[in-house]
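Next comes target18.cif, a file with mmCIF, C-alpha atoms and all ligand atoms.
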```cif
data_protein
#
loop_
_atom_site.group_PDB
_atom_site.id
_atom_site.type_symbol
_atom_site.label_atom_id
_atom_site.label_comp_id
_atom_site.auth_asym_id
_atom_site.auth_seq_id
_atom_site.Cartn_x
_atom_site.Cartn_y
_atom_site.Cartn_z
ATOM 1 C CA MET A 45 23.202 52.510 121.660
ATOM 2 C CA THR A 46 24.299 51.200 118.296
ATOM 3 C CA LEU A 47 22.013 48.623 116.781
ATOM 4 C CA LYS A 48 23.815 45.350 116.058
ATOM 5 C CA ILE A 49 22.549 42.413 114.061
ATOM 6 C CA SER A 50 25.687 40.563 112.934
ATOM 7 C CA HIS A 51 25.530 38.146 115.881
ATOM 8 C CA THR A 52 21.964 37.023 115.133
ATOM 9 C CA SER A 53 21.363 33.552 113.786
ATOM 10 C CA ASP A 54 19.645 34.908 110.672
ATOM 11 C CA ILE A 55 22.770 36.863 109.709
ATOM 12 C CA GLN A 56 25.117 34.004 110.582
ATOM 13 C CA ILE A 57 23.028 31.629 108.427
ATOM 14 C CA PHE A 58 23.131 34.231 105.646
ATOM 15 C CA PHE A 59 26.963 34.595 105.837
ATOM 16 C CA ASN A 60 27.369 30.800 105.870
ATOM 17 C CA LYS A 61 25.334 30.659 102.648
ATOM 18 C CA VAL A 62 27.382 33.504 101.109
ATOM 19 C CA ALA A 63 30.578 31.587 101.960
ATOM 20 C CA GLY A 64 29.272 28.474 100.240
ATOM 21 C CA PHE A 65 28.856 26.284 103.335
ATOM 22 C CA ASP A 66 25.581 24.909 101.984
ATOM 23 C CA ARG A 67 27.367 23.516 98.908
ATOM 24 C CA ALA A 68 29.741 20.591 98.425
ATOM 25 C CA GLU A 69 31.673 22.391 95.659
ATOM 26 C CA GLY A 70 34.468 24.855 96.302
ATOM 27 C CA ASN A 71 37.452 24.957 98.604
ATOM 28 C CA PRO A 72 36.830 24.390 102.348
ATOM 29 C CA ARG A 73 39.825 26.463 103.454
ATOM 30 C CA PHE A 74 38.735 29.374 101.264
ATOM 31 C CA LYS A 75 35.169 29.154 102.568
ATOM 32 C CA GLU A 76 36.424 29.306 106.147
ATOM 33 C CA ILE A 77 38.531 32.401 105.426
ATOM 34 C CA ILE A 78 35.746 34.218 103.556
ATOM 35 C CA LEU A 79 33.235 33.473 106.325
ATOM 36 C CA ARG A 80 35.610 35.052 108.819
ATOM 37 C CA VAL A 81 36.152 38.091 106.539
ATOM 38 C CA LEU A 82 32.383 38.548 106.306
ATOM 39 C CA GLN A 83 31.850 38.200 110.055
ATOM 40 C CA ASP A 84 34.716 40.549 110.925
ATOM 41 C CA THR A 85 33.656 43.093 108.291
ATOM 42 C CA ALA A 86 30.120 43.120 109.658
ATOM 43 C CA ARG A 87 31.408 43.616 113.220
ATOM 44 C CA LEU A 88 33.697 46.431 112.068
ATOM 45 C CA VAL A 89 30.818 48.159 110.257
ATOM 46 C CA GLU A 90 28.637 47.896 113.360
ATOM 47 C CA ASP A 91 31.218 48.668 116.044
ATOM 48 C CA LEU A 92 32.662 51.732 114.295
ATOM 49 C CA GLU A 93 29.315 52.742 112.771
ATOM 50 C CA ILE A 94 30.867 52.825 109.309
ATOM 51 C CA THR A 95 28.821 55.139 107.114
ATOM 52 C CA GLU A 96 27.772 54.292 103.576
ATOM 53 C CA ASP A 97 30.124 57.012 102.320
ATOM 54 C CA GLU A 98 33.046 55.484 104.205
ATOM 55 C CA PHE A 99 32.228 51.992 102.969
ATOM 56 C CA TRP A 100 31.993 52.941 99.296
ATOM 57 C CA HIS A 101 35.089 55.104 99.508
ATOM 58 C CA ALA A 102 36.905 52.028 100.804
ATOM 59 C CA VAL A 103 35.602 49.958 97.863
ATOM 60 C CA ASP A 104 36.775 52.631 95.436
ATOM 61 C CA TYR A 105 40.143 52.713 97.224
ATOM 62 C CA LEU A 106 40.600 48.953 96.721
ATOM 63 C CA ASN A 107 39.869 49.365 93.016
ATOM 64 C CA ARG A 108 42.481 52.092 92.739
ATOM 65 C CA LEU A 109 44.979 50.165 94.895
ATOM 66 C CA GLY A 110 44.757 47.147 92.589
ATOM 67 C CA GLY A 111 44.774 49.307 89.488
ATOM 68 C CA ARG A 112 48.130 50.725 90.554
ATOM 69 C CA ASN A 113 49.500 47.345 91.678
ATOM 70 C CA GLU A 114 50.117 48.691 95.167
ATOM 71 C CA ALA A 115 48.401 46.072 97.348
ATOM 72 C CA GLY A 116 51.771 44.534 98.258
ATOM 73 C CA LEU A 117 53.151 47.970 99.081
ATOM 74 C CA LEU A 118 50.209 48.746 101.343
ATOM 75 C CA ALA A 119 50.675 45.398 103.130
ATOM 76 C CA ALA A 120 54.218 46.539 103.939
ATOM 77 C CA GLY A 121 53.170 50.096 104.842
ATOM 78 C CA LEU A 122 50.476 48.912 107.220
ATOM 79 C CA GLY A 123 53.030 46.711 108.972
ATOM 80 C CA ILE A 124 51.218 43.480 108.111
ATOM 81 C CA GLU A 125 54.270 42.055 106.356
ATOM 82 C CA HIS A 126 56.373 42.863 109.449
ATOM 83 C CA PHE A 127 53.695 41.308 111.659
ATOM 84 C CA LEU A 128 54.032 38.083 109.664
ATOM 85 C CA ASP A 129 57.771 38.115 110.455
ATOM 86 C CA LEU A 130 57.085 38.656 114.157
ATOM 87 C CA LEU A 131 54.550 35.829 114.133
ATOM 88 C CA GLN A 132 57.042 33.486 112.438
ATOM 89 C CA ASP A 133 59.711 34.509 114.980
ATOM 90 C CA ALA A 134 57.312 33.632 117.792
ATOM 91 C CA LYS A 135 56.489 30.269 116.187
ATOM 92 C CA ASP A 136 60.217 29.584 115.817
ATOM 93 C CA ALA A 137 60.802 30.429 119.482
ATOM 94 C CA GLU A 138 58.017 28.096 120.507
ATOM 95 C CA ALA A 139 59.464 25.325 118.314
ATOM 96 C CA GLY A 140 62.955 25.920 119.719
ATOM 97 C CA LEU A 141 64.332 27.134 116.383
ATOM 98 C CA SER A 142 66.943 29.797 116.955
ATOM 99 C CA GLY A 143 70.192 31.150 115.576
ATOM 100 C CA GLY A 144 71.043 32.486 112.174
ATOM 101 C CA THR A 145 70.597 35.893 110.587
ATOM 102 C CA PRO A 146 67.201 37.485 111.347
ATOM 103 C CA ARG A 147 64.527 37.446 108.693
ATOM 104 C CA THR A 148 62.800 40.578 107.486
ATOM 105 C CA ILE A 149 60.212 41.476 104.869
ATOM 106 C CA GLU A 150 60.633 40.651 101.189
ATOM 107 C CA GLY A 151 58.620 43.602 99.909
ATOM 108 C CA PRO A 152 56.787 43.550 96.562
ATOM 109 C CA LEU A 153 59.696 44.214 94.173
ATOM 110 C CA TYR A 154 61.539 40.901 93.759
ATOM 111 C CA VAL A 155 61.954 39.572 90.237
ATOM 112 C CA ALA A 156 62.842 35.901 89.724
ATOM 113 C CA GLY A 157 65.468 34.633 87.326
ATOM 114 C CA SER A 158 68.206 37.261 87.574
ATOM 115 C CA PRO A 159 71.623 36.419 86.046
ATOM 116 C CA LEU A 160 73.528 33.718 87.915
ATOM 117 C CA ALA A 161 77.236 34.135 88.671
ATOM 118 C CA GLN A 162 79.907 32.038 90.409
ATOM 119 C CA GLY A 163 81.497 33.747 93.393
ATOM 120 C CA GLU A 164 81.218 37.305 92.193
ATOM 121 C CA ALA A 165 79.175 39.580 89.957
ATOM 122 C CA ARG A 166 78.813 43.135 88.809
ATOM 123 C CA MET A 167 75.214 44.159 89.441
ATOM 124 C CA ASP A 168 74.893 47.585 87.813
ATOM 125 C CA ASP A 169 74.842 48.265 84.074
ATOM 126 C CA GLY A 170 77.167 51.269 84.385
ATOM 127 C CA THR A 171 74.573 53.892 83.448
ATOM 128 C CA ASP A 172 73.908 55.198 86.963
ATOM 129 C CA ALA A 173 76.517 57.681 88.195
ATOM 130 C CA GLY A 174 76.137 56.481 91.785
ATOM 131 C CA VAL A 175 79.021 55.725 94.141
ATOM 132 C CA VAL A 176 80.484 52.287 93.425
ATOM 133 C CA MET A 177 79.747 49.833 96.239
ATOM 134 C CA PHE A 178 81.742 46.663 96.857
ATOM 135 C CA LEU A 179 79.575 44.262 98.791
ATOM 136 C CA GLN A 180 80.982 41.003 100.105
ATOM 137 C CA GLY A 181 80.657 38.465 102.834
ATOM 138 C CA ARG A 182 80.313 34.838 103.770
ATOM 139 C CA VAL A 183 77.383 32.491 104.111
ATOM 140 C CA SER A 184 77.733 30.015 106.978
ATOM 141 C CA ASP A 185 75.596 27.580 108.895
ATOM 142 C CA SER A 186 74.517 28.618 112.369
ATOM 143 C CA GLU A 187 77.720 27.107 113.834
ATOM 144 C CA GLY A 188 79.855 29.255 111.550
ATOM 145 C CA ASN A 189 80.904 26.599 109.036
ATOM 146 C CA PRO A 190 81.078 28.188 105.551
ATOM 147 C CA LEU A 191 78.424 27.069 103.082
ATOM 148 C CA VAL A 192 79.932 26.388 99.674
ATOM 149 C CA GLY A 193 77.549 26.697 96.722
ATOM 150 C CA ALA A 194 74.903 28.713 98.583
ATOM 151 C CA THR A 195 72.785 31.013 96.411
ATOM 152 C CA VAL A 196 72.863 34.697 97.342
ATOM 153 C CA ASP A 197 70.054 36.398 95.415
ATOM 154 C CA ILE A 198 70.484 40.167 95.738
ATOM 155 C CA TRP A 199 68.266 43.042 94.592
ATOM 156 C CA HIS A 200 68.283 46.743 95.365
ATOM 157 C CA ALA A 201 67.216 50.164 94.134
ATOM 158 C CA ASN A 202 69.242 52.641 92.078
ATOM 159 C CA THR A 203 70.220 56.168 93.166
ATOM 160 C CA GLN A 204 66.626 57.300 92.505
ATOM 161 C CA GLY A 205 65.275 54.641 94.854
ATOM 162 C CA THR A 206 63.628 52.713 91.997
ATOM 163 C CA TYR A 207 63.931 49.067 90.918
ATOM 164 C CA SER A 208 64.553 47.594 87.487
ATOM 165 C CA TYR A 209 61.519 45.864 85.910
ATOM 166 C CA PHE A 210 59.180 48.164 87.868
ATOM 167 C CA ASP A 211 61.096 51.197 86.540
ATOM 168 C CA SER A 212 61.055 50.799 82.746
ATOM 169 C CA THR A 213 63.952 53.271 82.320
ATOM 170 C CA GLN A 214 66.395 50.697 83.758
ATOM 171 C CA SER A 215 67.915 47.810 81.837
ATOM 172 C CA GLU A 216 66.671 44.275 82.374
ATOM 173 C CA TYR A 217 67.836 42.834 85.729
ATOM 174 C CA ASN A 218 69.820 45.967 86.554
ATOM 175 C CA LEU A 219 70.883 45.725 90.226
ATOM 176 C CA ARG A 220 69.625 42.130 90.452
ATOM 177 C CA ARG A 221 72.000 39.163 90.583
ATOM 178 C CA ARG A 222 72.279 35.655 91.972
ATOM 179 C CA ILE A 223 75.745 34.770 93.208
ATOM 180 C CA ILE A 224 76.838 31.245 94.128
ATOM 181 C CA THR A 225 79.237 31.247 97.079
ATOM 182 C CA ASP A 226 82.794 30.079 96.395
ATOM 183 C CA THR A 227 84.832 27.338 98.054
ATOM 184 C CA ASN A 228 85.116 29.508 101.191
ATOM 185 C CA GLY A 229 81.393 30.278 101.289
ATOM 186 C CA ARG A 230 82.053 33.821 100.077
ATOM 187 C CA TYR A 231 80.119 36.091 97.713
ATOM 188 C CA ARG A 232 81.346 39.345 96.168
ATOM 189 C CA ALA A 233 79.390 41.985 94.271
ATOM 190 C CA ARG A 234 80.257 45.261 92.650
ATOM 191 C CA SER A 235 77.258 47.565 92.483
ATOM 192 C CA ILE A 236 76.281 51.139 93.327
ATOM 193 C CA VAL A 237 75.142 52.572 96.643
ATOM 194 C CA PRO A 238 71.314 52.514 96.571
ATOM 195 C CA SER A 239 69.041 55.309 97.721
ATOM 196 C CA GLY A 240 66.045 54.786 99.953
ATOM 197 C CA TYR A 241 62.708 53.961 98.384
ATOM 198 C CA GLY A 242 59.748 56.308 98.618
ATOM 199 C CA CYS A 243 56.097 55.569 97.854
ATOM 200 C CA ASP A 244 54.678 57.313 94.814
ATOM 201 C CA PRO A 245 53.356 60.586 96.307
ATOM 202 C CA GLN A 246 50.364 60.337 93.932
ATOM 203 C CA GLY A 247 49.668 56.660 94.665
ATOM 204 C CA PRO A 248 46.981 55.042 96.844
ATOM 205 C CA THR A 249 49.491 53.772 99.444
ATOM 206 C CA GLN A 250 50.710 57.296 100.128
ATOM 207 C CA GLU A 251 47.085 58.463 100.160
ATOM 208 C CA CYS A 252 46.447 56.054 103.032
ATOM 209 C CA LEU A 253 49.664 57.024 104.824
ATOM 210 C CA ASP A 254 48.742 60.728 104.520
ATOM 211 C CA LEU A 255 45.483 60.027 106.342
ATOM 212 C CA LEU A 256 47.508 58.268 109.049
ATOM 213 C CA GLY A 257 49.846 61.262 109.285
ATOM 214 C CA ARG A 258 52.792 59.111 108.140
ATOM 215 C CA HIS A 259 55.529 59.412 105.526
ATOM 216 C CA GLY A 260 56.178 56.711 102.920
ATOM 217 C CA GLN A 261 59.976 56.586 102.987
ATOM 218 C CA ARG A 262 62.349 53.690 103.499
ATOM 219 C CA PRO A 263 66.021 53.810 104.446
ATOM 220 C CA ALA A 264 68.478 52.647 101.774
ATOM 221 C CA HIS A 265 68.590 48.852 101.841
ATOM 222 C CA VAL A 266 69.738 45.753 99.996
ATOM 223 C CA HIS A 267 67.435 42.719 99.722
ATOM 224 C CA PHE A 268 68.602 39.122 99.965
ATOM 225 C CA PHE A 269 67.224 35.651 99.435
ATOM 226 C CA ILE A 270 69.804 33.182 100.737
ATOM 227 C CA SER A 271 69.501 29.466 100.246
ATOM 228 C CA ALA A 272 71.651 26.376 100.524
ATOM 229 C CA PRO A 273 70.783 22.667 100.392
ATOM 230 C CA GLY A 274 69.775 21.355 103.802
ATOM 231 C CA HIS A 275 69.343 24.865 105.199
ATOM 232 C CA ARG A 276 66.409 27.086 105.844
ATOM 233 C CA HIS A 277 65.673 29.712 103.199
ATOM 234 C CA LEU A 278 66.367 33.223 104.481
ATOM 235 C CA THR A 279 64.550 36.344 103.253
ATOM 236 C CA THR A 280 66.195 39.432 104.642
ATOM 237 C CA GLN A 281 67.542 42.925 104.021
ATOM 238 C CA ILE A 282 70.423 44.981 105.266
ATOM 239 C CA ASN A 283 70.250 48.681 106.054
ATOM 240 C CA PHE A 284 73.097 51.123 106.494
ATOM 241 C CA ALA A 285 74.064 52.593 109.863
ATOM 242 C CA GLY A 286 73.497 56.347 110.038
ATOM 243 C CA ASP A 287 70.654 56.449 107.490
ATOM 244 C CA GLN A 288 68.086 59.155 108.258
ATOM 245 C CA TYR A 289 65.243 56.621 108.036
ATOM 246 C CA LEU A 290 67.087 53.691 109.671
ATOM 247 C CA TRP A 291 64.566 53.374 112.517
ATOM 248 C CA ASP A 292 61.805 55.302 110.753
ATOM 249 C CA ASP A 293 61.072 52.918 107.884
ATOM 250 C CA PHE A 294 57.478 53.122 106.611
ATOM 251 C CA ALA A 295 57.647 49.331 106.045
ATOM 252 C CA PHE A 296 59.127 48.526 109.501
ATOM 253 C CA ALA A 297 61.822 46.237 108.057
ATOM 254 C CA THR A 298 64.853 47.461 110.044
ATOM 255 C CA ARG A 299 65.950 44.962 112.669
ATOM 256 C CA ASP A 300 68.840 44.574 115.071
ATOM 257 C CA GLY A 301 71.385 42.292 113.453
ATOM 258 C CA LEU A 302 70.637 43.615 109.957
ATOM 259 C CA ILE A 303 72.478 46.930 110.032
ATOM 260 C CA GLY A 304 75.561 47.119 107.847
ATOM 261 C CA ASP A 305 78.455 49.508 108.157
ATOM 262 C CA LEU A 306 78.772 51.140 104.729
ATOM 263 C CA ARG A 307 82.302 52.539 104.658
ATOM 264 C CA PHE A 308 83.196 55.273 102.145
ATOM 265 C CA VAL A 309 86.813 55.197 100.990
ATOM 266 C CA GLU A 310 88.071 58.595 99.792
ATOM 267 C CA ASP A 311 91.181 57.405 97.995
ATOM 268 C CA ALA A 312 91.602 57.950 94.248
ATOM 269 C CA ALA A 313 94.571 55.561 93.971
ATOM 270 C CA ALA A 314 92.730 52.777 95.799
ATOM 271 C CA ALA A 315 89.696 53.438 93.594
ATOM 272 C CA ARG A 316 91.816 53.124 90.427
ATOM 273 C CA ASP A 317 93.312 49.877 91.720
ATOM 274 C CA ARG A 318 89.817 48.470 91.976
ATOM 275 C CA GLY A 319 88.810 49.671 88.525
ATOM 276 C CA VAL A 320 86.663 52.568 89.738
ATOM 277 C CA GLN A 321 86.677 55.766 87.657
ATOM 278 C CA ALA A 322 86.093 58.066 90.644
ATOM 279 C CA ASP A 323 87.876 59.442 93.709
ATOM 280 C CA ARG A 324 85.803 57.410 96.096
ATOM 281 C CA PHE A 325 83.915 54.186 96.523
ATOM 282 C CA ALA A 326 82.089 52.379 99.299
ATOM 283 C CA GLU A 327 82.579 49.005 100.941
ATOM 284 C CA LEU A 328 80.174 46.865 102.852
ATOM 285 C CA ALA A 329 80.895 43.492 104.413
ATOM 286 C CA PHE A 330 78.018 41.382 105.621
ATOM 287 C CA ASP A 331 77.978 37.740 106.658
ATOM 288 C CA PHE A 332 74.890 35.554 106.770
ATOM 289 C CA TYR A 333 74.111 32.529 108.915
ATOM 290 C CA LEU A 334 71.480 29.969 107.942
ATOM 291 C CA GLN A 335 69.596 27.633 110.219
ATOM 292 C CA LYS A 336 69.372 23.943 109.365
ATOM 293 C CA ALA A 337 66.153 23.107 107.510
ATOM 294 C CA ALA A 338 63.760 21.097 109.662
ATOM 295 C CA ALA A 339 62.029 19.853 106.481
ATOM 296 C CA PRO A 340 62.744 20.124 102.735
ATOM 297 C CA GLU A 341 59.939 22.730 102.297
ATOM 298 C CA ALA A 342 61.880 25.096 104.572
ATOM 299 C CA GLU A 343 64.658 25.327 101.973
ATOM 300 C CA ALA A 344 62.484 27.291 99.539
ATOM 301 C CA PRO A 345 60.923 30.752 99.787
ATOM 302 C CA SER A 346 57.162 31.163 100.154
ATOM 303 C CA HIS A 347 55.010 30.689 97.051
ATOM 304 C CA ARG A 348 54.035 34.358 97.059
ATOM 305 C CA PRO A 349 53.201 35.375 93.461
ATOM 306 C CA ARG A 350 56.194 37.303 92.087
ATOM 307 C CA ALA A 351 57.272 38.965 88.856
HETATM 308 FE FE FE A 401 63.267 47.464 98.665
#
```
I'd like the structure from this file rewritten - as structure tokens, please.
Amino acid sequence: MTLKISHTSDIQIFFNKVAGFDRAEGNPRFKEIILRVLQDTARLVEDLEITEDEFWHAVDYLNRLGGRNEAGLLAAGLGIEHFLDLLQDAKDAEAGLSGGTPRTIEGPLYVAGSPLAQGEARMDDGTDAGVVMFLQGRVSDSEGNPLVGATVDIWHANTQGTYSYFDSTQSEYNLRRRIITDTNGRYRARSIVPSGYGCDPQGPTQECLDLLGRHGQRPAHVHFFISAPGHRHLTTQINFAGDQYLWDDFAFATRDGLIGDLRFVEDAAAARDRGVQADRFAELAFDFYLQKAAAPEAEAPSHRPRA
């Protein structure tokens, strides 16, 4: 039988001291969380008989994870970010909050302050030879009334599956725009069809996924923050029907109600009419519905630290 000591009063007194409970200084909420981390870590070490080698490999892993800025990516890959969505959904159900477009994970690659446009915007800088994508839709309240002046903050990857700011080869704010909906609640964007994102094969997140026997790929997707006065902030993404990884996303972000129909138009004349220098382009229409905000705080995104 495995020897266990974490439940003893000596160890509990010790962990309380470590977490600062014998001092007036510090933050009570933080103390409570750290005490729980200590207690749960001790139980994990005992229950799974974690060896010293395993423990110190884990410490080294955390150093490397932080060094590569991949902690947010790992949180997505281990499904914790999706779990937070499921928990919020359950809280909403309990509170009787329903309706509107489903939420899904933000991911770690948002950058604040992208260029702001009225009604429509071109999102790409013209250097990526990807297929032109016309993206448009309407933002409404949950009863279907159009929301004029809503902010549609869009970001997505290029044809290599990488994001501007995090990929220094792209121009500033490439494929990132904020569009204010017009008098009919509509937004329009010209961009390029994104490719799916893949974890760095040499990075610590993929190292973890390899040990779990999992891949680190995402389907192609477009991220959105949608906000309007008096309405609940929405963080979501849309995926494209037919994508190889649609229901096999390493970050578990795909949800019913968030799958868009990306339509390829093979028509050179129609392309020319729309100012596209190619024989084909793609179209995607997607409408969003926002719940009413129960409180002013609900109108803003979380205070997650962002670029
Ligand atoms: Fe993404």
Kindly work out which residues sit at most 12 Å from ligand FE 401 (chain A), using only C-alpha atoms and all ligand atoms, and give the list as a PDB file with C-alpha atoms, in the coordinates of the input.
```pdb
ATOM      1  CA  GLY A 116      51.771  44.534  98.258  1.00  0.00           C
ATOM      2  CA  LEU A 117      53.151  47.970  99.081  1.00  0.00           C
ATOM      3  CA  ALA A 120      54.218  46.539 103.939  1.00  0.00           C
ATOM      4  CA  THR A 148      62.800  40.578 107.486  1.00  0.00           C
ATOM      5  CA  ILE A 149      60.212  41.476 104.869  1.00  0.00           C
ATOM      6  CA  GLU A 150      60.633  40.651 101.189  1.00  0.00           C
ATOM      7  CA  GLY A 151      58.620  43.602  99.909  1.00  0.00           C
ATOM      8  CA  PRO A 152      56.787  43.550  96.562  1.00  0.00           C
ATOM      9  CA  LEU A 153      59.696  44.214  94.173  1.00  0.00           C
ATOM     10  CA  TYR A 154      61.539  40.901  93.759  1.00  0.00           C
ATOM     11  CA  VAL A 155      61.954  39.572  90.237  1.00  0.00           C
ATOM     12  CA  ILE A 198      70.484  40.167  95.738  1.00  0.00           C
ATOM     13  CA  TRP A 199      68.266  43.042  94.592  1.00  0.00           C
ATOM     14  CA  HIS A 200      68.283  46.743  95.365  1.00  0.00           C
ATOM     15  CA  ALA A 201      67.216  50.164  94.134  1.00  0.00           C
ATOM     16  CA  ASN A 202      69.242  52.641  92.078  1.00  0.00           C
ATOM     17  CA  GLY A 205      65.275  54.641  94.854  1.00  0.00           C
ATOM     18  CA  THR A 206      63.628  52.713  91.997  1.00  0.00           C
ATOM     19  CA  TYR A 207      63.931  49.067  90.918  1.00  0.00           C
ATOM     20  CA  SER A 208      64.553  47.594  87.487  1.00  0.00           C
ATOM     21  CA  PHE A 210      59.180  48.164  87.868  1.00  0.00           C
ATOM     22  CA  LEU A 219      70.883  45.725  90.226  1.00  0.00           C
ATOM     23  CA  ARG A 220      69.625  42.130  90.452  1.00  0.00           C
ATOM     24  CA  PRO A 238      71.314  52.514  96.571  1.00  0.00           C
ATOM     25  CA  SER A 239      69.041  55.309  97.721  1.00  0.00           C
ATOM     26  CA  GLY A 240      66.045  54.786  99.953  1.00  0.00           C
ATOM     27  CA  TYR A 241      62.708  53.961  98.384  1.00  0.00           C
ATOM     28  CA  GLY A 242      59.748  56.308  98.618  1.00  0.00           C
ATOM     29  CA  CYS A 243      56.097  55.569  97.854  1.00  0.00           C
ATOM     30  CA  GLN A 261      59.976  56.586 102.987  1.00  0.00           C
ATOM     31  CA  ARG A 262      62.349  53.690 103.499  1.00  0.00           C
ATOM     32  CA  PRO A 263      66.021  53.810 104.446  1.00  0.00           C
ATOM     33  CA  ALA A 264      68.478  52.647 101.774  1.00  0.00           C
ATOM     34  CA  HIS A 265      68.590  48.852 101.841  1.00  0.00           C
ATOM     35  CA  VAL A 266      69.738  45.753  99.996  1.00  0.00           C
ATOM     36  CA  HIS A 267      67.435  42.719  99.722  1.00  0.00           C
ATOM     37  CA  PHE A 268      68.602  39.122  99.965  1.00  0.00           C
ATOM     38  CA  THR A 280      66.195  39.432 104.642  1.00  0.00           C
ATOM     39  CA  GLN A 281      67.542  42.925 104.021  1.00  0.00           C
ATOM     40  CA  ILE A 282      70.423  44.981 105.266  1.00  0.00           C
ATOM     41  CA  ASN A 283      70.250  48.681 106.054  1.00  0.00           C
ATOM     42  CA  ASP A 293      61.072  52.918 107.884  1.00  0.00           C
ATOM     43  CA  PHE A 294      57.478  53.122 106.611  1.00  0.00           C
ATOM     44  CA  ALA A 295      57.647  49.331 106.045  1.00  0.00           C
ATOM     45  CA  PHE A 296      59.127  48.526 109.501  1.00  0.00           C
ATOM     46  CA  ALA A 297      61.822  46.237 108.057  1.00  0.00           C
ATOM     47  CA  THR A 298      64.853  47.461 110.044  1.00  0.00           C
TER      48      THR A 298
END
```
With all atoms listed in the file as the counted atoms, please give the residues lying no more than 7 Å from stretch 334-351 of chain A, apart from itself and same-chain residues fewer than 5 positions off, as a JSON list (two decimals) with C-alpha atoms, in the coordinates of the input.
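Dumped to selection-v6.json:
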```
[["chain", "number", "residue", "atom", "x", "y", "z"],
["A", 143, "GLY", "CA", 70.19, 31.15, 115.58],
["A", 144, "GLY", "CA", 71.04, 32.49, 112.17],
["A", 145, "THR", "CA", 70.60, 35.89, 110.59],
["A", 154, "TYR", "CA", 61.54, 40.90, 93.76],
["A", 155, "VAL", "CA", 61.95, 39.57, 90.24],
["A", 156, "ALA", "CA", 62.84, 35.90, 89.72],
["A", 184, "SER", "CA", 77.73, 30.02, 106.98],
["A", 185, "ASP", "CA", 75.60, 27.58, 108.90],
["A", 186, "SER", "CA", 74.52, 28.62, 112.37],
["A", 271, "SER", "CA", 69.50, 29.47, 100.25],
["A", 273, "PRO", "CA", 70.78, 22.67, 100.39],
["A", 274, "GLY", "CA", 69.78, 21.36, 103.80],
["A", 275, "HIS", "CA", 69.34, 24.86, 105.20],
["A", 276, "ARG", "CA", 66.41, 27.09, 105.84],
["A", 277, "HIS", "CA", 65.67, 29.71, 103.20],
["A", 278, "LEU", "CA", 66.37, 33.22, 104.48]]
```
So for stretch 61-73 of chain A, what box centre and size do we get, axis-aligned, 8 Å extra on each of the six sides, every listed atom, Å to one decimal, as AutoDock Vina command-line options?
```
--center_x 32.6 --center_y 27.0 --center_z 99.6 --size_x 30.5 --size_y 28.9 --size_z 23.8
```
The PyMOL selection byres (((chain A and resi 237) around 8) and not hetatm) applied to the shown file, residues as an mmCIF file with C-alpha atoms, keeping the file's coordinate frame:
```cif
data_model
loop_
_atom_site.group_PDB
_atom_site.id
_atom_site.type_symbol
_atom_site.label_atom_id
_atom_site.label_comp_id
_atom_site.auth_asym_id
_atom_site.auth_seq_id
_atom_site.Cartn_x
_atom_site.Cartn_y
_atom_site.Cartn_z
ATOM 1 C CA GLY A 174 76.137 56.481 91.785
ATOM 2 C CA VAL A 175 79.021 55.725 94.141
ATOM 3 C CA VAL A 176 80.484 52.287 93.425
ATOM 4 C CA MET A 177 79.747 49.833 96.239
ATOM 5 C CA ASN A 202 69.242 52.641 92.078
ATOM 6 C CA THR A 203 70.220 56.168 93.166
ATOM 7 C CA SER A 235 77.258 47.565 92.483
ATOM 8 C CA ILE A 236 76.281 51.139 93.327
ATOM 9 C CA PRO A 238 71.314 52.514 96.571
ATOM 10 C CA SER A 239 69.041 55.309 97.721
ATOM 11 C CA ALA A 326 82.089 52.379 99.299
#
```
| request: Work out how far apart atom CA of A:Gly111 and atom CA of A:Gly260 are and give it in Å to one decimal. | output: 19.1 Å
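Put simply, atom CA of A:Asp172 is 27.9 Å away from atom CA of A:Gly121.
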